[in-house]
Amino acid sequence: MERLTGIGVSDGLAVGPALVAIQRTQVIRFPIAAERVGRELAALDRARERSHDQLQQIRTRMAALRGADLAAIFDAQLLILEDPMLVGRAAELVRDERVNAEWAVQSAVDELGKVFNDLADPYLRERKGDLHDVAGRLRMNLRDEKGSARDLLQDLETPCVLIADELTPSVVAQLDWSRIRGFATDAGSRTYHTAILARSLGVPAVVGLHNVSWRVPPRASVIVDGATGEVVINPPAAMRQEAEARVTLARSRVAAPPAADGPVETADGVRITLEANVERADDAPTAVAAGAEGIGLYRSEFMIAGAPPDLVDEDEQYRVYRQLVEGMLGRPVTVRTFDVDERQIARPLVDAALDARWFSEQDRPAGHGGLRGIRFGLANPGIFKRQLRALLRASQHGPLRVLFPFVSSIQEVRAARALIDEARAELSAAGIQTGAVPVGIMIEVPSAAFTASMLAREVDFFTIGTNDLIQYTLAVDRTDERVSDRYEPLHPAVLRLIRHVRRGAMRHGIPVSVCGEMASDPLLLRLLIGCGLTQFSMTPGAMPVARRVIRETNKGDMARLIARVMQLGTVEEIEQVLLEAFGKGKRQETTWPTT
Ligand code: PEP
Ligand code: MG
């Protein structure tokens, strides 16, 4: 038996056989059974053939369109594809190490990448980008072949506890959660996207365990305790039985969620709007049942599920947005355009645009000041406009708002709005008339927060994304468990920025909400109300607690408290004042909402 302690991010207990999934650059490593080796090898071979045919076709098209020079890129890629050190080596790894083909391809690429790094000739060194292109294509074809994570999980006879190094939203979106009792990951913090999703699904989860994926032998049994952050590997039978008994008891006690009982006001009569953060197209009924007055944030990137956004076509998107809008029965739905960065996406089909070559830059760290959110959209106007057209079409079925993520300048907003106009004109030329939709932005990058009063002239609403705003203001990576203790919503800089954003919005009379996790922490919610904020969006599971807290909160008192807090320079001093006010020093001692 071994015990590890991490950060409990979603309450509840999960007991069961472990499924260890190690994922890098969207690739999951699965141990495969001996009988499966042949199938994986055949799939690898078919993926190679398919990749070959695609590259040939692209080469021919490029030669016709742009001449031999550009076509030569694909000659080089064809050569790489046929190199025995790539597919041949991957096949060897499947056979010898009994791993899935996708992982084997990735390992072969890593090995080959090192060879490229050592080359003296800069021209040849640059071909590393092509190597990643080819690998991305192979993996994409392998995925088409058999689905990956989701399919592999279908093979399991019993539901399991997922143990992983990291779980990106795109992988998470592919999983069949009915077969996953809980999960534990090496990476992560409370605002890790997957942690957010775990809470909304009610799946117990512990993150930030550093090396759990290596400590748990495949098929060991584990206990994951999302309340204490503890993971027990191979517990003795008595301990496992006790945990199982607790799970059964907890299930029998699950009370129906309290009926959502209309609009909510603070104790001194200030009306507060509560909306829902959702990640899936079929989440609308849950949001409505929780009493959400709308969807304040739909994270549309969860729809991509590891596929290149190229592959999520306009009609499919339109259906999803329409389902959400109709499901909300007249309440507004805020769809955030894809908040992805280049590393979260598999290599797209290259045949459309050569500028897609930056996708191959897989060595950059994910998510940090890269081509993310609105920047990604503007760099890929084809993908962006397709999403905007789908949104405009869906807006005919009910109130829909468009929200741009990761905005850092006014120019970006203007450029994105121009694309909305173009998308509308294209639809109109096709005989589809669409009305105006409110356009808002996430305030989650410090430059946007500082210039809030200027940005407020350009848009219809703001949504403060505290998860990112905190990480970028404090320069603390929200997914890095080593610095998670510095991720501090009570930092004076964070509180000041939030107040500044609210004032900027007020000056121009536009609404401002908070959709980061900060709003679902009872104490922080009170402070936000004290800052004058009256609109919040959170996971539906957090709403019952939020309602209670709002009803107990006196906005006037909180405003006075905030005035004192704003004079203080350290988190410790702020906590001390809160201790006096609420009798609790540490926020952690307040009840986190359970889902
Ligand atoms: C945020 O940054 O606070 C936010 C709500 O967006 P996400 O967590 O999806 O980055
Ligand atoms: Mg964000």
# chains A, B, ... in the order shown; residues from 1 in each chain; ligands from 1

$ residues_near_ligand --ligand "ligand 2" --cutoff "8 Å" --atoms "only C-alpha atoms and all ligand atoms" --output "PDB file with N, CA, C and O atoms, in the first residue's frame"
ATOM      1  N   ASP A 339     -11.346  28.552 -27.266  1.00  0.00           N
ATOM      2  CA  ASP A 339     -10.192  29.051 -26.499  1.00  0.00           C
ATOM      3  C   ASP A 339      -9.135  27.947 -26.500  1.00  0.00           C
ATOM      4  O   ASP A 339      -8.894  27.296 -25.489  1.00  0.00           O
ATOM      5  N   PRO A 405     -12.337  34.977 -26.209  1.00  0.00           N
ATOM      6  CA  PRO A 405     -11.401  34.711 -25.117  1.00  0.00           C
ATOM      7  C   PRO A 405     -10.026  35.308 -25.348  1.00  0.00           C
ATOM      8  O   PRO A 405      -9.629  35.585 -26.487  1.00  0.00           O
ATOM      9  N   PHE A 406      -9.315  35.509 -24.278  1.00  0.00           N
ATOM     10  CA  PHE A 406      -7.896  35.829 -24.302  1.00  0.00           C
ATOM     11  C   PHE A 406      -7.590  37.108 -25.080  1.00  0.00           C
ATOM     12  O   PHE A 406      -6.584  37.205 -25.781  1.00  0.00           O
ATOM     13  N   MET A 442     -13.752  38.211 -22.779  1.00  0.00           N
ATOM     14  CA  MET A 442     -13.237  37.759 -21.485  1.00  0.00           C
ATOM     15  C   MET A 442     -12.200  38.787 -21.057  1.00  0.00           C
ATOM     16  O   MET A 442     -11.346  39.184 -21.865  1.00  0.00           O
ATOM     17  N   GLU A 444      -9.264  38.592 -18.999  1.00  0.00           N
ATOM     18  CA  GLU A 444      -8.469  37.571 -18.314  1.00  0.00           C
ATOM     19  C   GLU A 444      -6.970  37.760 -18.538  1.00  0.00           C
ATOM     20  O   GLU A 444      -6.159  36.976 -18.051  1.00  0.00           O
ATOM     21  N   GLY A 465     -12.530  36.570 -16.405  1.00  0.00           N
ATOM     22  CA  GLY A 465     -12.036  35.191 -16.264  1.00  0.00           C
ATOM     23  C   GLY A 465     -10.946  35.193 -15.205  1.00  0.00           C
ATOM     24  O   GLY A 465      -9.775  35.358 -15.506  1.00  0.00           O
ATOM     25  N   THR A 466     -11.374  35.012 -13.959  1.00  0.00           N
ATOM     26  CA  THR A 466     -10.378  35.142 -12.876  1.00  0.00           C
ATOM     27  C   THR A 466      -9.336  34.027 -12.930  1.00  0.00           C
ATOM     28  O   THR A 466      -8.214  34.217 -12.458  1.00  0.00           O
ATOM     29  N   ASN A 467      -9.692  32.882 -13.501  1.00  0.00           N
ATOM     30  CA  ASN A 467      -8.707  31.786 -13.521  1.00  0.00           C
ATOM     31  C   ASN A 467      -7.444  32.229 -14.240  1.00  0.00           C
ATOM     32  O   ASN A 467      -6.324  32.038 -13.756  1.00  0.00           O
ATOM     33  N   ASP A 468      -7.627  32.806 -15.411  1.00  0.00           N
ATOM     34  CA  ASP A 468      -6.452  33.274 -16.155  1.00  0.00           C
ATOM     35  C   ASP A 468      -5.953  34.614 -15.627  1.00  0.00           C
ATOM     36  O   ASP A 468      -4.760  34.853 -15.578  1.00  0.00           O
ATOM     37  N   LEU A 469      -6.894  35.478 -15.248  1.00  0.00           N
ATOM     38  CA  LEU A 469      -6.449  36.802 -14.790  1.00  0.00           C
ATOM     39  C   LEU A 469      -5.493  36.657 -13.595  1.00  0.00           C
ATOM     40  O   LEU A 469      -4.470  37.341 -13.510  1.00  0.00           O
ATOM     41  N   GLY A 516     -14.919  33.083 -13.643  1.00  0.00           N
ATOM     42  CA  GLY A 516     -13.837  32.222 -13.156  1.00  0.00           C
ATOM     43  C   GLY A 516     -14.273  31.486 -11.895  1.00  0.00           C
ATOM     44  O   GLY A 516     -15.329  31.778 -11.316  1.00  0.00           O
TER      45      GLY A 516
END

$ residues_around --residues "A:Ala449" --least-positions-apart "2" --cutoff "10 Å" --atoms "only C-alpha atoms" --output "PyMOL selection string"
chain A and resi 407-408+442-447+451-455+464+469+473+497-502+504

$ residues_around --residues "stretch 488-495 of chain A" --least-positions-apart "6" --cutoff "10 Å" --atoms "only C-alpha atoms" --output "number ranges by chain"
A: 446, 466-467, 469-474, 476, 517-518, 524, 527-528, 531, 562, 565-572, 574-575, 587

$ closest_residue --among "A:Val402, A:Leu209, A:Ile410, A:Val320" --to "A:Met303" --atoms "only C-alpha atoms"
A:Val320

$ residues_around --residues "A:Ala519" --least-positions-apart "3" --cutoff "8 Å" --atoms "only C-alpha atoms" --output "ChimeraX atom specification"
/A:514-516,522,524-525,528,536-538

$ residues_around --residues "A:Glu426" --least-positions-apart "5" --cutoff "12 Å" --atoms "only C-alpha atoms" --output "number ranges by chain"
A: 385-386, 388-390, 392-393, 419-421, 431-434

$ residues_around --residues "A:Val134" --least-positions-apart "4" --cutoff "7 Å" --atoms "only C-alpha atoms" --output "mmCIF file with N, CA, C and O atoms, in the first residue's frame"
data_model
loop_
_atom_site.group_PDB
_atom_site.id
_atom_site.type_symbol
_atom_site.label_atom_id
_atom_site.label_comp_id
_atom_site.auth_asym_id
_atom_site.auth_seq_id
_atom_site.Cartn_x
_atom_site.Cartn_y
_atom_site.Cartn_z
ATOM 1 N N GLN A 77 8.048 15.280 -46.905
ATOM 2 C CA GLN A 77 7.192 14.609 -45.912
ATOM 3 C C GLN A 77 6.926 13.148 -46.296
ATOM 4 O O GLN A 77 6.860 12.275 -45.434
ATOM 5 N N LEU A 81 7.752 9.930 -44.059
ATOM 6 C CA LEU A 81 6.734 8.918 -43.760
ATOM 7 C C LEU A 81 7.263 7.505 -44.022
ATOM 8 O O LEU A 81 6.950 6.562 -43.299
ATOM 9 N N ASP A 130 8.535 19.305 -40.355
ATOM 10 C CA ASP A 130 7.856 18.342 -41.241
ATOM 11 C C ASP A 130 7.640 17.006 -40.545
ATOM 12 O O ASP A 130 6.633 16.344 -40.743
ATOM 13 N N LEU A 138 -0.233 11.005 -39.142
ATOM 14 C CA LEU A 138 -0.337 9.578 -38.823
ATOM 15 C C LEU A 138 -1.270 9.369 -37.631
ATOM 16 O O LEU A 138 -2.128 8.486 -37.641
#

$ closest_residue --among "A:Ala289, A:Ala281, A:Leu197, A:Ala379" --to "ligand 1" --atoms "only C-alpha atoms and all ligand atoms"
A:Leu197

$ atom_distance --atom1 "atom CA of A:Gly208" --atom2 "atom CA of A:Arg246"
24.4 Å

$ residues_around --residues "A:Ala47" --least-positions-apart "2" --cutoff "6 Å" --atoms "only C-alpha atoms" --output "PyMOL selection string"
chain A and resi 44-45+49-51+138+141-142

$ write_last_selection --atoms "N, CA and C atoms" --output "PDB file, in the first residue's frame"
ATOM      1  N   LEU A  44      -1.799   0.680 -37.679  1.00  0.00           N
ATOM      2  CA  LEU A  44      -0.647   1.538 -37.981  1.00  0.00           C
ATOM      3  C   LEU A  44      -0.349   1.500 -39.482  1.00  0.00           C
ATOM      4  N   ASP A  45      -0.439   0.315 -40.029  1.00  0.00           N
ATOM      5  CA  ASP A  45      -0.151   0.178 -41.445  1.00  0.00           C
ATOM      6  C   ASP A  45      -1.181   0.918 -42.297  1.00  0.00           C
ATOM      7  N   GLU A  49      -0.658   4.054 -44.890  1.00  0.00           N
ATOM      8  CA  GLU A  49      -1.127   4.088 -46.286  1.00  0.00           C
ATOM      9  C   GLU A  49      -2.010   5.302 -46.542  1.00  0.00           C
ATOM     10  N   ARG A  50      -2.908   5.545 -45.604  1.00  0.00           N
ATOM     11  CA  ARG A  50      -3.803   6.682 -45.786  1.00  0.00           C
ATOM     12  C   ARG A  50      -3.026   8.004 -45.807  1.00  0.00           C
ATOM     13  N   SER A  51      -2.056   8.104 -44.903  1.00  0.00           N
ATOM     14  CA  SER A  51      -1.242   9.331 -44.855  1.00  0.00           C
ATOM     15  C   SER A  51      -0.503   9.505 -46.175  1.00  0.00           C
ATOM     16  N   LEU A 138      -0.233  11.005 -39.142  1.00  0.00           N
ATOM     17  CA  LEU A 138      -0.337   9.578 -38.823  1.00  0.00           C
ATOM     18  C   LEU A 138      -1.270   9.369 -37.631  1.00  0.00           C
ATOM     19  N   ASN A 141      -4.855   9.888 -38.571  1.00  0.00           N
ATOM     20  CA  ASN A 141      -5.407   8.741 -39.288  1.00  0.00           C
ATOM     21  C   ASN A 141      -5.594   7.540 -38.366  1.00  0.00           C
ATOM     22  N   LEU A 142      -4.721   7.425 -37.383  1.00  0.00           N
ATOM     23  CA  LEU A 142      -4.894   6.340 -36.416  1.00  0.00           C
ATOM     24  C   LEU A 142      -6.150   6.557 -35.594  1.00  0.00           C
TER      25      LEU A 142
END

$ select_by_dssp --residues "stretch 443-539 of chain A" --states "strand (DSSP E)" --output "count of residues only"
12

$ atom_distance --atom1 "atom CA of A:Ser300" --atom2 "atom CA of A:Arg548"
29.6 Å

$ closest_residue --among "A:Gly377, A:Gly330, A:Gly296, A:Gly440" --to "ligand 1" --atoms "only C-alpha atoms and all ligand atoms"
A:Gly296
